[in-house]
Every structure is written in structure tokens, then in C-alpha cells.
>>> print(open('target15.cif').read())   # mmCIF, C-alpha atoms
data_input
loop_
_atom_site.label_atom_id
_atom_site.label_comp_id
_atom_site.auth_asym_id
_atom_site.auth_seq_id
_atom_site.Cartn_x
_atom_site.Cartn_y
_atom_site.Cartn_z
CA MET A 1 -19.90 3.54 18.49
CA ASN A 2 -18.06 6.83 18.16
CA ILE A 3 -14.99 8.03 19.96
CA LYS A 4 -17.10 10.62 21.74
CA ASP A 5 -19.10 7.80 23.35
CA LEU A 6 -16.04 6.60 25.24
CA PRO A 7 -16.01 7.38 28.96
CA GLU A 8 -14.01 10.54 29.55
CA ASP A 9 -11.89 9.99 32.61
CA GLU A 10 -12.08 6.27 33.13
CA ASN A 11 -8.55 5.05 32.75
CA TYR A 12 -7.90 1.48 33.77
CA PHE A 13 -4.47 1.72 32.26
CA THR A 14 -3.03 4.91 33.68
CA PRO A 15 -0.33 7.37 32.56
CA GLY A 16 3.14 7.01 33.99
CA HIS A 17 3.86 3.71 32.25
CA THR A 18 7.25 3.48 30.62
CA ALA A 19 6.43 2.53 27.03
CA CYS A 20 8.65 4.17 24.41
CA ALA A 21 7.30 7.47 23.10
CA GLY A 22 4.93 6.74 20.21
CA CYS A 23 4.27 3.12 21.20
CA ALA A 24 0.96 1.80 19.89
CA ALA A 25 0.42 -0.82 22.58
CA PRO A 26 -0.80 1.62 25.27
CA ILE A 27 -3.20 3.19 22.74
CA ILE A 28 -4.67 -0.25 22.12
CA VAL A 29 -4.79 -1.32 25.75
CA ARG A 30 -6.07 1.97 27.14
CA ASN A 31 -8.98 2.27 24.70
CA MET A 32 -9.91 -1.38 24.98
CA MET A 33 -9.96 -1.17 28.76
CA LYS A 34 -12.38 1.74 28.61
CA ILE A 35 -14.86 -0.58 26.95
CA PHE A 36 -14.08 -3.73 28.92
CA GLY A 37 -14.68 -1.72 32.10
CA LYS A 38 -13.80 -2.22 35.74
CA ASP A 39 -15.05 -5.82 36.04
CA THR A 40 -12.14 -7.10 34.01
CA ILE A 41 -9.30 -9.42 34.92
CA VAL A 42 -6.19 -8.84 32.87
CA TYR A 43 -3.50 -11.36 32.10
CA THR A 44 -0.24 -10.65 30.31
CA PRO A 45 2.53 -13.08 29.45
CA ALA A 46 6.09 -11.87 28.93
CA ASN A 47 5.93 -8.92 26.55
CA CYS A 48 6.61 -5.20 26.44
CA LEU A 49 3.27 -4.50 28.05
CA LEU A 50 4.21 -6.58 31.07
CA VAL A 51 7.39 -4.55 31.53
CA PHE A 52 6.15 -1.04 30.86
CA GLY A 53 2.76 -1.60 32.47
CA GLY A 54 4.16 -2.47 35.82
CA THR A 55 7.57 -3.15 37.24
CA TYR A 56 7.61 -3.45 41.02
CA PRO A 57 6.66 -1.29 42.91
CA TYR A 58 4.80 0.59 40.17
CA LEU A 59 1.68 -0.51 38.36
CA SER A 60 -0.40 1.14 35.65
CA TRP A 61 -3.32 -1.25 35.90
CA LYS A 62 -6.41 -0.28 37.88
CA VAL A 63 -7.96 -3.74 37.53
CA PRO A 64 -6.88 -7.14 38.92
CA TYR A 65 -3.87 -8.18 36.94
CA LEU A 66 -1.66 -11.23 36.81
CA HIS A 67 1.18 -12.54 34.77
CA GLU A 68 2.61 -15.98 34.29
CA ALA A 69 5.00 -17.65 31.88
CA PHE A 70 5.36 -16.67 28.23
CA GLU A 71 3.46 -19.58 26.67
CA ASN A 72 0.51 -19.73 29.06
CA THR A 73 -1.88 -16.99 27.97
CA GLY A 74 -4.48 -19.38 26.62
CA SER A 75 -4.49 -21.65 29.66
CA CYS A 76 -4.31 -18.84 32.24
CA ILE A 77 -7.26 -16.88 30.89
CA ALA A 78 -9.16 -20.16 30.65
CA GLY A 79 -8.41 -20.95 34.30
CA VAL A 80 -9.31 -17.49 35.58
CA SER A 81 -12.52 -17.47 33.59
CA ARG A 82 -13.57 -20.90 34.92
CA ALA A 83 -12.73 -19.94 38.51
CA TYR A 84 -14.95 -16.86 38.34
CA LYS A 85 -17.72 -18.84 36.72
CA LYS A 86 -17.59 -21.34 39.59
CA LYS A 87 -17.87 -18.47 42.06
CA GLY A 88 -20.86 -17.18 40.15
CA LYS A 89 -19.29 -13.83 39.27
CA LYS A 90 -19.61 -12.28 35.86
CA VAL A 91 -16.33 -10.78 34.72
CA THR A 92 -14.50 -10.18 31.46
CA VAL A 93 -11.23 -12.09 31.32
CA VAL A 94 -8.69 -10.66 28.89
CA GLY A 95 -5.23 -11.79 27.93
CA PHE A 96 -2.97 -9.28 26.20
CA ALA A 97 -0.18 -11.10 24.40
CA GLY A 98 2.35 -9.87 21.90
CA ASP A 99 3.00 -11.45 18.55
CA GLY A 100 5.84 -13.63 19.84
CA GLY A 101 3.60 -14.93 22.61
CA THR A 102 0.86 -15.64 20.08
CA TYR A 103 2.46 -16.70 16.80
CA ASP A 104 5.30 -18.77 18.18
CA ILE A 105 5.46 -19.43 21.89
CA GLY A 106 1.83 -19.26 22.93
CA ILE A 107 0.13 -20.89 19.96
CA GLN A 108 -0.33 -24.28 21.62
CA ALA A 109 -2.14 -22.97 24.70
CA LEU A 110 -4.07 -20.51 22.55
CA SER A 111 -5.21 -23.21 20.16
CA GLY A 112 -6.26 -25.42 23.06
CA ALA A 113 -8.28 -22.67 24.73
CA ALA A 114 -9.94 -21.84 21.41
CA GLU A 115 -10.77 -25.46 20.73
CA ARG A 116 -12.39 -25.82 24.20
CA ASN A 117 -14.21 -22.53 23.52
CA GLU A 118 -13.25 -21.06 26.90
CA ASP A 119 -15.14 -17.91 27.88
CA ALA A 120 -12.33 -15.35 27.53
CA ILE A 121 -10.90 -12.69 25.24
CA TYR A 122 -7.46 -13.07 23.74
CA VAL A 123 -5.88 -9.91 22.38
CA CYS A 124 -2.78 -10.14 20.23
CA TYR A 125 -1.04 -6.82 19.79
CA ASP A 126 1.21 -7.45 16.86
CA ASN A 127 4.39 -5.40 16.57
CA GLU A 128 5.97 -7.90 14.21
CA ALA A 129 9.02 -9.02 16.23
CA TYR A 130 10.17 -9.75 19.77
CA MET A 131 10.57 -6.09 20.64
CA ASN A 132 10.85 -6.56 24.37
CA THR A 133 14.06 -8.56 24.18
CA GLY A 134 15.69 -6.48 21.47
CA ILE A 135 13.93 -6.95 18.11
CA GLN A 136 14.35 -10.63 17.24
CA ARG A 137 12.37 -12.01 14.32
CA SER A 138 9.09 -13.78 15.05
CA GLY A 139 6.57 -15.66 12.93
CA SER A 140 4.90 -12.33 12.44
CA THR A 141 7.85 -10.41 11.04
CA PRO A 142 7.15 -9.48 7.41
CA TYR A 143 9.37 -10.47 4.50
CA GLY A 144 12.65 -8.63 4.25
CA ALA A 145 12.46 -6.84 7.59
CA SER A 146 15.81 -6.39 9.23
CA THR A 147 15.86 -7.58 12.84
CA THR A 148 18.74 -8.48 15.15
CA THR A 149 18.39 -12.17 14.25
CA THR A 150 17.83 -11.48 10.54
CA PRO A 151 20.15 -8.52 10.00
CA ALA A 152 20.17 -7.25 6.44
CA GLY A 153 23.67 -7.49 5.05
CA LYS A 154 25.82 -9.44 2.65
CA LYS A 155 24.59 -12.90 3.76
CA ILE A 156 20.84 -12.33 3.93
CA PRO A 157 18.57 -9.45 2.90
CA GLY A 158 16.56 -9.41 6.12
CA LYS A 159 13.96 -12.04 6.98
CA LEU A 160 13.60 -14.57 4.18
CA GLU A 161 10.08 -15.80 4.99
CA HIS A 162 6.73 -14.06 4.79
CA LYS A 163 4.46 -13.19 7.70
CA LYS A 164 2.30 -15.98 9.07
CA ASP A 165 -1.42 -15.26 8.91
CA MET A 166 -2.40 -15.82 12.53
CA ALA A 167 -5.93 -14.41 12.31
CA GLU A 168 -6.68 -16.93 9.58
CA ILE A 169 -5.39 -19.74 11.79
CA MET A 170 -7.74 -18.56 14.55
CA ARG A 171 -10.59 -18.29 12.08
CA ALA A 172 -10.03 -21.91 11.16
CA HIS A 173 -10.76 -22.78 14.81
CA GLN A 174 -14.34 -21.62 14.13
CA ILE A 175 -14.57 -19.74 17.42
CA PRO A 176 -17.46 -17.31 18.12
CA TYR A 177 -15.50 -14.19 17.23
CA VAL A 178 -12.30 -13.26 15.44
CA ALA A 179 -11.50 -9.65 14.53
CA THR A 180 -8.51 -7.91 13.06
CA MET A 181 -8.26 -4.25 14.04
CA SER A 182 -6.21 -1.13 13.54
CA ILE A 183 -5.70 1.88 15.81
CA ALA A 184 -6.01 4.12 12.75
CA HIS A 185 -9.70 3.18 12.46
CA PRO A 186 -10.96 4.12 15.94
CA LYS A 187 -14.67 3.71 15.25
CA ASP A 188 -14.16 0.24 13.83
CA PHE A 189 -11.73 -0.54 16.66
CA LEU A 190 -14.22 0.41 19.37
CA GLU A 191 -17.15 -1.36 17.74
CA LYS A 192 -15.18 -4.59 17.44
CA THR A 193 -14.00 -4.34 21.04
CA LYS A 194 -17.59 -3.81 22.20
CA LYS A 195 -18.79 -6.76 20.16
CA ALA A 196 -16.04 -8.93 21.62
CA LYS A 197 -17.09 -7.96 25.12
CA GLU A 198 -20.72 -8.83 24.43
CA THR A 199 -20.00 -12.16 22.74
CA GLU A 200 -19.71 -15.34 24.80
CA GLY A 201 -17.12 -18.02 24.29
CA PHE A 202 -13.59 -17.64 23.00
CA ARG A 203 -12.85 -14.38 21.25
CA TYR A 204 -9.67 -13.47 19.43
CA LEU A 205 -8.75 -9.86 18.64
CA HIS A 206 -5.71 -9.08 16.57
CA VAL A 207 -4.39 -5.51 16.39
CA LEU A 208 -1.46 -4.25 14.38
CA SER A 209 0.77 -2.29 16.75
CA PRO A 210 3.42 -0.14 15.05
CA CYS A 211 6.61 -0.02 17.09
CA PRO A 212 8.80 3.06 16.46
CA THR A 213 11.80 1.43 18.13
CA GLY A 214 11.70 -1.90 16.32
CA TRP A 215 10.43 -0.61 13.00
CA ARG A 216 12.94 2.23 13.22
CA ALA A 217 10.29 4.79 12.42
CA ASP A 218 9.36 8.27 13.60
CA PRO A 219 7.29 8.01 16.82
CA ALA A 220 4.87 10.64 15.50
CA LYS A 221 4.01 8.40 12.52
CA THR A 222 2.70 5.47 14.56
CA VAL A 223 -0.97 5.97 13.66
CA GLU A 224 -0.09 6.99 10.12
CA LEU A 225 1.82 3.73 9.61
CA ALA A 226 -1.11 1.74 10.98
CA ARG A 227 -3.35 3.51 8.46
CA LYS A 228 -0.98 2.90 5.56
CA ALA A 229 -0.68 -0.78 6.48
CA VAL A 230 -4.43 -1.12 5.99
CA ASP A 231 -4.48 0.97 2.82
CA CYS A 232 -1.75 -1.04 1.09
CA GLY A 233 -3.19 -4.41 2.06
CA MET A 234 -0.42 -5.53 4.41
CA TRP A 235 -3.06 -5.52 7.13
CA THR A 236 -6.70 -6.44 6.46
CA LEU A 237 -9.58 -5.51 8.74
CA TYR A 238 -12.32 -8.09 9.08
CA GLU A 239 -14.64 -9.81 11.51
CA ALA A 240 -15.41 -13.51 11.49
CA GLU A 241 -18.05 -15.40 13.43
CA TYR A 242 -17.73 -19.18 13.72
CA GLY A 243 -15.25 -19.20 10.85
CA GLU A 244 -17.33 -17.14 8.42
CA ILE A 245 -16.17 -13.64 7.49
CA THR A 246 -19.14 -11.39 8.25
CA ASN A 247 -17.63 -7.96 7.68
CA ILE A 248 -14.56 -6.93 5.76
CA TYR A 249 -13.17 -3.45 5.22
CA LYS A 250 -11.87 -2.61 1.79
CA PRO A 251 -9.69 0.50 1.40
CA LYS A 252 -11.17 3.02 -0.99
CA LYS A 253 -7.88 3.36 -2.78
CA LYS A 254 -5.19 0.70 -2.62
CA ILE A 255 -1.74 2.23 -2.23
CA PRO A 256 1.44 0.48 -3.38
CA VAL A 257 3.29 -1.33 -0.62
CA GLU A 258 6.31 0.86 -1.29
CA GLU A 259 4.48 3.81 0.22
CA TYR A 260 4.03 1.88 3.46
CA ILE A 261 7.59 0.61 3.80
CA ARG A 262 9.10 4.02 3.10
CA GLY A 263 10.10 5.71 6.34
CA GLN A 264 10.66 2.44 8.15
CA GLY A 265 14.31 1.68 8.84
CA ARG A 266 13.73 -2.06 8.96
CA PHE A 267 12.97 -1.97 5.21
CA ARG A 268 15.66 0.55 4.32
CA HIS A 269 17.81 -1.95 2.40
CA PHE A 270 14.96 -2.98 0.05
CA THR A 271 15.88 -3.45 -3.60
CA PRO A 272 13.18 -3.06 -6.31
CA GLU A 273 13.04 -6.89 -6.56
CA MET A 274 12.32 -7.16 -2.86
CA VAL A 275 9.56 -4.56 -3.08
CA GLU A 276 8.11 -6.59 -5.94
CA GLU A 277 8.22 -9.78 -3.89
CA LEU A 278 6.43 -8.11 -0.97
CA GLN A 279 3.87 -6.61 -3.34
CA ARG A 280 3.27 -10.05 -4.85
CA TRP A 281 2.56 -11.47 -1.40
CA VAL A 282 0.22 -8.59 -0.56
CA ASP A 283 -1.67 -8.99 -3.85
CA GLU A 284 -2.05 -12.73 -3.27
CA LYS A 285 -3.43 -12.09 0.20
CA TRP A 286 -5.77 -9.45 -1.20
CA GLU A 287 -7.12 -11.88 -3.78
CA ARG A 288 -7.59 -14.58 -1.15
CA LEU A 289 -9.50 -12.35 1.25
CA TYR A 290 -11.52 -10.16 -1.11
CA GLY A 291 -12.05 -12.81 -3.77
CA GLU A 292 -10.92 -10.51 -6.56
CA LYS A 293 -7.74 -9.20 -8.10
CA PRO A 294 -6.49 -5.87 -6.69
CA MET B 1 8.82 8.67 39.93
CA GLY B 2 6.73 7.72 36.96
CA LYS B 3 6.58 11.28 35.66
CA THR B 4 7.41 10.43 32.09
CA GLY B 5 7.14 14.08 31.00
CA THR B 6 10.85 14.43 31.70
CA TRP B 7 11.56 12.40 28.55
CA ARG B 8 10.10 15.08 26.32
CA VAL B 9 12.14 16.93 23.71
CA PHE B 10 9.24 18.51 21.82
CA ARG B 11 6.19 19.91 23.58
CA PRO B 12 2.73 19.83 21.98
CA VAL B 13 0.96 23.18 22.13
CA ILE B 14 -2.72 23.29 21.21
CA ASP B 15 -4.13 26.27 19.33
CA LYS B 16 -7.67 26.54 20.73
CA GLU B 17 -8.82 28.77 17.90
CA LYS B 18 -8.09 26.11 15.32
CA CYS B 19 -9.31 23.16 17.42
CA ILE B 20 -12.54 21.56 16.14
CA LYS B 21 -12.87 19.20 19.15
CA CYS B 22 -12.72 16.00 17.12
CA TRP B 23 -10.83 14.37 20.05
CA PHE B 24 -8.55 12.31 17.84
CA CYS B 25 -5.60 13.53 19.91
CA TRP B 26 -7.36 12.31 23.04
CA VAL B 27 -7.95 8.84 21.60
CA TYR B 28 -4.52 8.45 20.05
CA CYS B 29 -2.42 9.66 22.98
CA PRO B 30 -0.47 6.60 24.20
CA ASP B 31 0.01 8.16 27.62
CA ALA B 32 -3.51 9.37 28.36
CA ALA B 33 -1.83 12.76 28.75
CA ILE B 34 -4.60 14.64 26.93
CA ALA B 35 -7.72 15.39 28.95
CA ARG B 36 -11.17 15.96 27.49
CA LYS B 37 -12.03 19.32 29.05
CA GLU B 38 -13.71 22.12 27.14
CA TYR B 39 -10.71 21.90 24.84
CA PRO B 40 -8.04 19.19 24.85
CA GLU B 41 -5.60 19.81 27.68
CA VAL B 42 -2.12 18.32 27.76
CA ASP B 43 -0.76 16.97 31.02
CA TYR B 44 2.92 17.84 30.70
CA ASP B 45 3.78 15.66 33.70
CA TYR B 46 3.21 12.59 31.56
CA CYS B 47 3.41 13.69 27.90
CA LYS B 48 6.49 12.06 26.35
CA GLY B 49 6.34 14.33 23.33
CA CYS B 50 5.93 11.55 20.76
CA GLY B 51 4.06 13.90 18.43
CA ILE B 52 1.25 11.54 17.41
CA CYS B 53 -1.35 14.18 18.37
CA ALA B 54 0.26 16.81 16.16
CA ASN B 55 0.67 14.36 13.28
CA GLU B 56 -2.94 13.19 13.43
CA CYS B 57 -4.67 16.53 14.08
CA PRO B 58 -6.87 17.08 10.99
CA VAL B 59 -6.68 20.88 11.25
CA ASN B 60 -3.03 21.18 12.32
CA ALA B 61 -3.99 22.84 15.58
CA ILE B 62 -1.14 21.20 17.49
CA GLU B 63 2.40 22.46 17.16
CA MET B 64 5.46 20.63 18.46
CA ARG B 65 7.79 23.17 20.04
CA ARG B 66 11.28 22.33 21.19
CA GLU B 67 11.58 22.28 24.98
CA GLU B 68 13.70 25.04 26.44
CA LYS B 69 15.89 24.48 29.45
#
>>> encode(input="target15.cif", output="C-alpha cells")
Amino acid sequence: MNIKDLPEDENYFTPGHTACAGCAAPIIVRNMMKIFGKDTIVYTPANCLLVFGGTYPYLSWKVPYLHEAFENTGSCIAGVSRAYKKKGKKVTVVGFAGDGGTYDIGIQALSGAAERNEDAIYVCYDNEAYMNTGIQRSGSTPYGASTTTTPAGKKIPGKLEHKKDMAEIMRAHQIPYVATMSIAHPKDFLEKTKKAKETEGFRYLHVLSPCPTGWRADPAKTVELARKAVDCGMWTLYEAEYGEITNIYKPKKKIPVEEYIRGQGRFRHFTPEMVEELQRWVDEKWERLYGEKP
Amino acid sequence: MGKTGTWRVFRPVIDKEKCIKCWFCWVYCPDAAIARKEYPEVDYDYCKGCGICANECPVNAIEMRREEK
């Protein structure tokens, strides 16, 4: 599927939303919705998308839309999907959660829904911290990143732990479809979205969503950062069906992680040792996923 | 209300002679402010001026010009 195959004027997530300039979340949501189509029910827990997508009396969604508590994404999409099935209607049920609502707060409901193999799509747009409430660290925040709860200074050099690999946790659930995606690879992005729509059962899509505000980066570089994250190995694109990786993208040329972290204020305080530590983690992940040394 | 174009500091201007109609700007625009007409057309009512389109344009056909009062 090419970008030219996308419907031209069908916008189920319309302009006028109040996301920060250069936010990647509306790019993700808008393009996904073009493929999911009008027979879609959208759920969002507490996250940026909930706030910028619709604060009373304004709404950017052109499809039925509901929101509930932070931790409930898994159970709510399961409930909506079952209700429509009972009524005999065929719809796509999608939950858009952030990384906080997936990695930390929503993992229990998500794991339950995955284990029951509910017929719904769960999308995690991962901006690597609780951006909505003012950039607090989450399970997704990478090593060394400075956030408001892990401020880099004399006491600590940013976050001390590495990023949790959520897509791998979901893969271990052996659900019908798990995919990691990037906005910088639109063809791959659209094909995976289409495949998710056509698959039955529980589907988990994980997209890296650069956040100019929280990453303290230039808004114009959003897509560029997403591309560099894939090229350096911080973010790996793959598809997995029932726990088996069926398709994995390998960058033609692996760039050093330093090239990715440059230009991001959250990594500004990095010493050469810290870069080395992050590179070590990336190389380990690379070896685990590709089965060979970088 | 909702006209987020008022946030803009830099305005994207598309050079139609350079444009190769790859539509990357159209896909990457977070605000759906670029329309797929004969050439890409920017809706300045909603464009926040983030500059992603100009940064991603493979032929540098989009220039970010400072807004004048």
C-alpha cells in the first residue's frame, strides 16, 4: 500500500485540534483512521490525544468516541467490541493509549484483554514519558533522559533505568498480531495498519511518537527523529503473528546512537560514558532481535 | 475558535515548479492542513507552522517564511 492509495479527503480526525506544533500523535491517528474507516469506534484513556482531540464543546473526531479512566483501555475496547458483536454489527474497535497508559497504568487491563483474545485493536503511541501532565518519567522513558521526575543534575544524571520493551511483552502473549511502526516509514506504517484492520482477535500496534515539547526538540524534526530512532536501533520495526516474528526491518546502515540523541534537549547532559551505556543497550537489543552482532 | 493557524510564526510556501507531487507533506502534516489538489495546498487557517513539511520535502520545494504582521 502506497501513500497515494490513501483516501484524499476522508478525515476522521479533523484539523483544529490543539496538539503542539510538530506533534507526531495526530500524524499517527489521522493516517490510521483513514484506513480504519468510518465504521470505527474509538476509545482513548487519559492522554494528550484525549485533551487535544476534544475538550468540550469541541471535538476533532468524526467517529463515535468515548473515554474512560486511565487504566481501562483494554477492558473498555473489549466491552465495546463484545456489545457490537452481540448486536450483530461489524465494526473496528480501536483504543489509542499513550505510553504511560500502556507501559505502567494500563498494562493489567491490556494484558487481560490480550489473554482473552478480545476482538479489538490497541494502539500505543509512545512518546516516552507522561507528556500530558508535564513530562514525568514512565516505563518507556529511555536511559538518561531528563524528565521532571528524573531531572538531570548533581544527584542523578536523568533516568537511571532503561526503556521497557513493551512490544516484546505483548508478543509473549502470543496474540494474532503485534506490530511496531514508525511515522518515518509511511508505506510500512500503512501496510501494518491495514493488516491489523483485516486480522481478527486482539491486535497490538506500537508507534514511536516523537514529542517536540517533552523531548525538547525542534518541531520540524519530528519525522526526522522518528527515522533516526529506527536507523540507530533505538526503535525496531517488526511484525509478529502468534508470537513469531514474521517480518523485521533492518536499517541499511546502522547509525551511532549519538546521532539520534543529538538535537534532543532531554539528552543534552550526556557524558561520553552515558552515550556508551545507551549504545551498549541498543547493541544488546539489536543482537536479541536480529540474532547477530551489529 | 479552533483556528490553530493563529499560532504560526513561520509560514510554509510551496514552490510549484519544484514540487514532484510525492505527497509526503500531505501525509506528514499533523494538522491535515495540506490538501491534495493538483499541487499541495496549505490551509493557513489550521497550519501551525511546525515545519515538518519543509523539513521532509525531498526536493526542498517548501520554504518557511517568517509571518509578517
>>> closest_residue(input="target15.cif", among="B:Ala35, B:Ile62, B:Lys16, B:Glu67", to="chain A", atoms="all atoms listed in the file")
B:Ala35
>>> closest_residue(input="target15.cif", among="B:Ile20, B:Ala32, B:Val59, B:Met64", to="chain A", atoms="all atoms listed in the file")
B:Ala32
>>> closest_residue(input="target15.cif", among="B:Lys3, B:Lys18, B:Asp43, B:Pro12", to="chain A", atoms="all atoms listed in the file")
B:Lys3
>>> resolve_selection(input="target15.cif", expression="the PyMOL selection byres ((chain B) within 6 of (chain A))", output="ChimeraX atom specification")
/B:2-4,30-32,48,50-52
>>> write_last_selection(input="target15.cif", atoms="C-alpha atoms", output="short mmCIF file (atom, residue, chain, number, x, y, z; two decimals), in the frame of the given file")
data_model
loop_
_atom_site.label_atom_id
_atom_site.label_comp_id
_atom_site.auth_asym_id
_atom_site.auth_seq_id
_atom_site.Cartn_x
_atom_site.Cartn_y
_atom_site.Cartn_z
CA GLY B 2 6.73 7.72 36.96
CA LYS B 3 6.58 11.28 35.66
CA THR B 4 7.41 10.43 32.09
CA PRO B 30 -0.47 6.60 24.20
CA ASP B 31 0.01 8.16 27.62
CA ALA B 32 -3.51 9.37 28.36
CA LYS B 48 6.49 12.06 26.35
CA CYS B 50 5.93 11.55 20.76
CA GLY B 51 4.06 13.90 18.43
CA ILE B 52 1.25 11.54 17.41
#
>>> resolve_selection(input="target15.cif", expression="the PyMOL selection byres ((chain B and resi 23) around 8)", output="number ranges by chain")
A: 3-4; B: 21-22, 24-27, 36, 40
>>> residues_around(input="target15.cif", residues="A:Ala152", least_positions_apart="3", cutoff="12 Å", atoms="only C-alpha atoms", output="PyMOL selection string")
chain A and resi 143-149+155-160+265-271
>>> closest_residue(input="target15.cif", among="A:Val257, A:Lys250, A:Gly101, A:Thr141", to="A:Gly291", atoms="only C-alpha atoms")
A:Lys250
>>> closest_residue(input="target15.cif", among="B:Ala61, B:Lys37, B:Asp15, B:Cys29", to="B:Gly49", atoms="only C-alpha atoms")
B:Cys29
>>> residues_around(input="target15.cif", residues="A:Gln174", least_positions_apart="3", cutoff="7 Å", atoms="all atoms listed in the file", output="VMD selection string")
chain A and resid 171 242 to 243
>>> residues_around(input="target15.cif", residues="A:Thr73", least_positions_apart="6", cutoff="10 Å", atoms="all atoms listed in the file", output="list of chain:residue names")
A:Tyr43, A:Thr44, A:Pro45, A:Ala46, A:His67, A:Gly79, A:Val94, A:Gly95, A:Phe96, A:Ala97, A:Gly101, A:Thr102, A:Ile105, A:Gly106, A:Ile107, A:Gln108, A:Ala109, A:Leu110, A:Ala113, A:Tyr122, A:Val123
>>> write_last_selection(input="target15.cif", atoms="C-alpha atoms", output="PDB file, in the coordinates of the input")
ATOM      1  CA  TYR A  43      -3.500 -11.360  32.100  1.00  0.00           C
ATOM      2  CA  THR A  44      -0.240 -10.650  30.310  1.00  0.00           C
ATOM      3  CA  PRO A  45       2.530 -13.080  29.450  1.00  0.00           C
ATOM      4  CA  ALA A  46       6.090 -11.870  28.930  1.00  0.00           C
ATOM      5  CA  HIS A  67       1.180 -12.540  34.770  1.00  0.00           C
ATOM      6  CA  GLY A  79      -8.410 -20.950  34.300  1.00  0.00           C
ATOM      7  CA  VAL A  94      -8.690 -10.660  28.890  1.00  0.00           C
ATOM      8  CA  GLY A  95      -5.230 -11.790  27.930  1.00  0.00           C
ATOM      9  CA  PHE A  96      -2.970  -9.280  26.200  1.00  0.00           C
ATOM     10  CA  ALA A  97      -0.180 -11.100  24.400  1.00  0.00           C
ATOM     11  CA  GLY A 101       3.600 -14.930  22.610  1.00  0.00           C
ATOM     12  CA  THR A 102       0.860 -15.640  20.080  1.00  0.00           C
ATOM     13  CA  ILE A 105       5.460 -19.430  21.890  1.00  0.00           C
ATOM     14  CA  GLY A 106       1.830 -19.260  22.930  1.00  0.00           C
ATOM     15  CA  ILE A 107       0.130 -20.890  19.960  1.00  0.00           C
ATOM     16  CA  GLN A 108      -0.330 -24.280  21.620  1.00  0.00           C
ATOM     17  CA  ALA A 109      -2.140 -22.970  24.700  1.00  0.00           C
ATOM     18  CA  LEU A 110      -4.070 -20.510  22.550  1.00  0.00           C
ATOM     19  CA  ALA A 113      -8.280 -22.670  24.730  1.00  0.00           C
ATOM     20  CA  TYR A 122      -7.460 -13.070  23.740  1.00  0.00           C
ATOM     21  CA  VAL A 123      -5.880  -9.910  22.380  1.00  0.00           C
TER      22      VAL A 123
END
>>> atom_distance(input="target15.cif", atom1="atom CA of A:Glu168", atom2="atom CA of A:Tyr204")
10.9 Å
>>> atom_distance(input="target15.cif", atom1="atom CA of A:Tyr125", atom2="atom CA of A:Thr180")
10.1 Å
>>> atom_distance(input="target15.cif", atom1="atom CA of A:Trp215", atom2="atom CA of A:Tyr130")
11.4 Å
>>> resolve_selection(input="target15.cif", expression="the PyMOL selection byres ((chain A and resi 35-39) around 8)", output="list in words")
Leu6, Tyr12, Asn31, Met32, Met33, Lys34, Thr40, Ile41, Lys62, Val63, Lys90, Val91, Thr92, Leu190, Thr193, Lys194 and Lys197 of chain A
>>> closest_residue(input="target15.cif", among="B:Cys57, B:Arg65, B:Tyr46, B:Glu38", to="B:Gly5", atoms="all atoms listed in the file")
B:Tyr46
>>> residues_around(input="target15.cif", residues="stretch 231-234 of chain A", least_positions_apart="2", cutoff="8 Å", atoms="only C-alpha atoms", output="PyMOL selection string")
chain A and resi 227-229+236+251-257+259-260+282-283+285-286
>>> build_atoms(input="target15.cif", residues="stretch 213-224 of chain A", atoms="N, CA, C and O atoms", output="compact mmCIF listing (two decimals), keeping the file's coordinate frame")
# COMPACT_ATOMS: atom_id res chain seq x y z
N THR A 213 10.45 1.90 17.82
CA THR A 213 11.80 1.43 18.13
C THR A 213 12.20 0.29 17.20
O THR A 213 13.26 0.32 16.57
N GLY A 214 11.36 -0.72 17.10
CA GLY A 214 11.70 -1.90 16.32
C GLY A 214 11.55 -1.71 14.83
O GLY A 214 12.26 -2.32 14.04
N TRP A 215 10.63 -0.85 14.43
CA TRP A 215 10.43 -0.61 13.00
C TRP A 215 11.36 0.51 12.53
O TRP A 215 11.40 0.82 11.36
N ARG A 216 12.03 1.09 13.46
CA ARG A 216 12.94 2.23 13.22
C ARG A 216 12.21 3.33 12.44
O ARG A 216 12.62 3.72 11.34
N ALA A 217 11.11 3.76 13.05
CA ALA A 217 10.29 4.79 12.42
C ALA A 217 10.11 5.97 13.36
O ALA A 217 10.41 5.88 14.56
N ASP A 218 9.62 7.07 12.82
CA ASP A 218 9.36 8.27 13.60
C ASP A 218 8.18 8.00 14.56
O ASP A 218 7.12 7.56 14.12
N PRO A 219 8.38 8.26 15.86
CA PRO A 219 7.29 8.01 16.82
C PRO A 219 5.99 8.72 16.46
O PRO A 219 4.90 8.19 16.71
N ALA A 220 6.08 9.89 15.84
CA ALA A 220 4.87 10.64 15.50
C ALA A 220 4.06 9.95 14.41
O ALA A 220 2.89 10.23 14.22
N LYS A 221 4.68 9.01 13.67
CA LYS A 221 4.01 8.40 12.52
C LYS A 221 3.32 7.09 12.87
O LYS A 221 2.88 6.36 11.98
N THR A 222 3.26 6.75 14.15
CA THR A 222 2.70 5.47 14.56
C THR A 222 1.31 5.21 13.96
O THR A 222 1.08 4.18 13.33
N VAL A 223 0.40 6.17 14.15
CA VAL A 223 -0.97 5.97 13.66
C VAL A 223 -1.00 6.03 12.14
O VAL A 223 -1.72 5.27 11.48
N GLU A 224 -0.16 6.89 11.58
CA GLU A 224 -0.09 6.99 10.12
C GLU A 224 0.36 5.67 9.50
O GLU A 224 -0.19 5.23 8.48
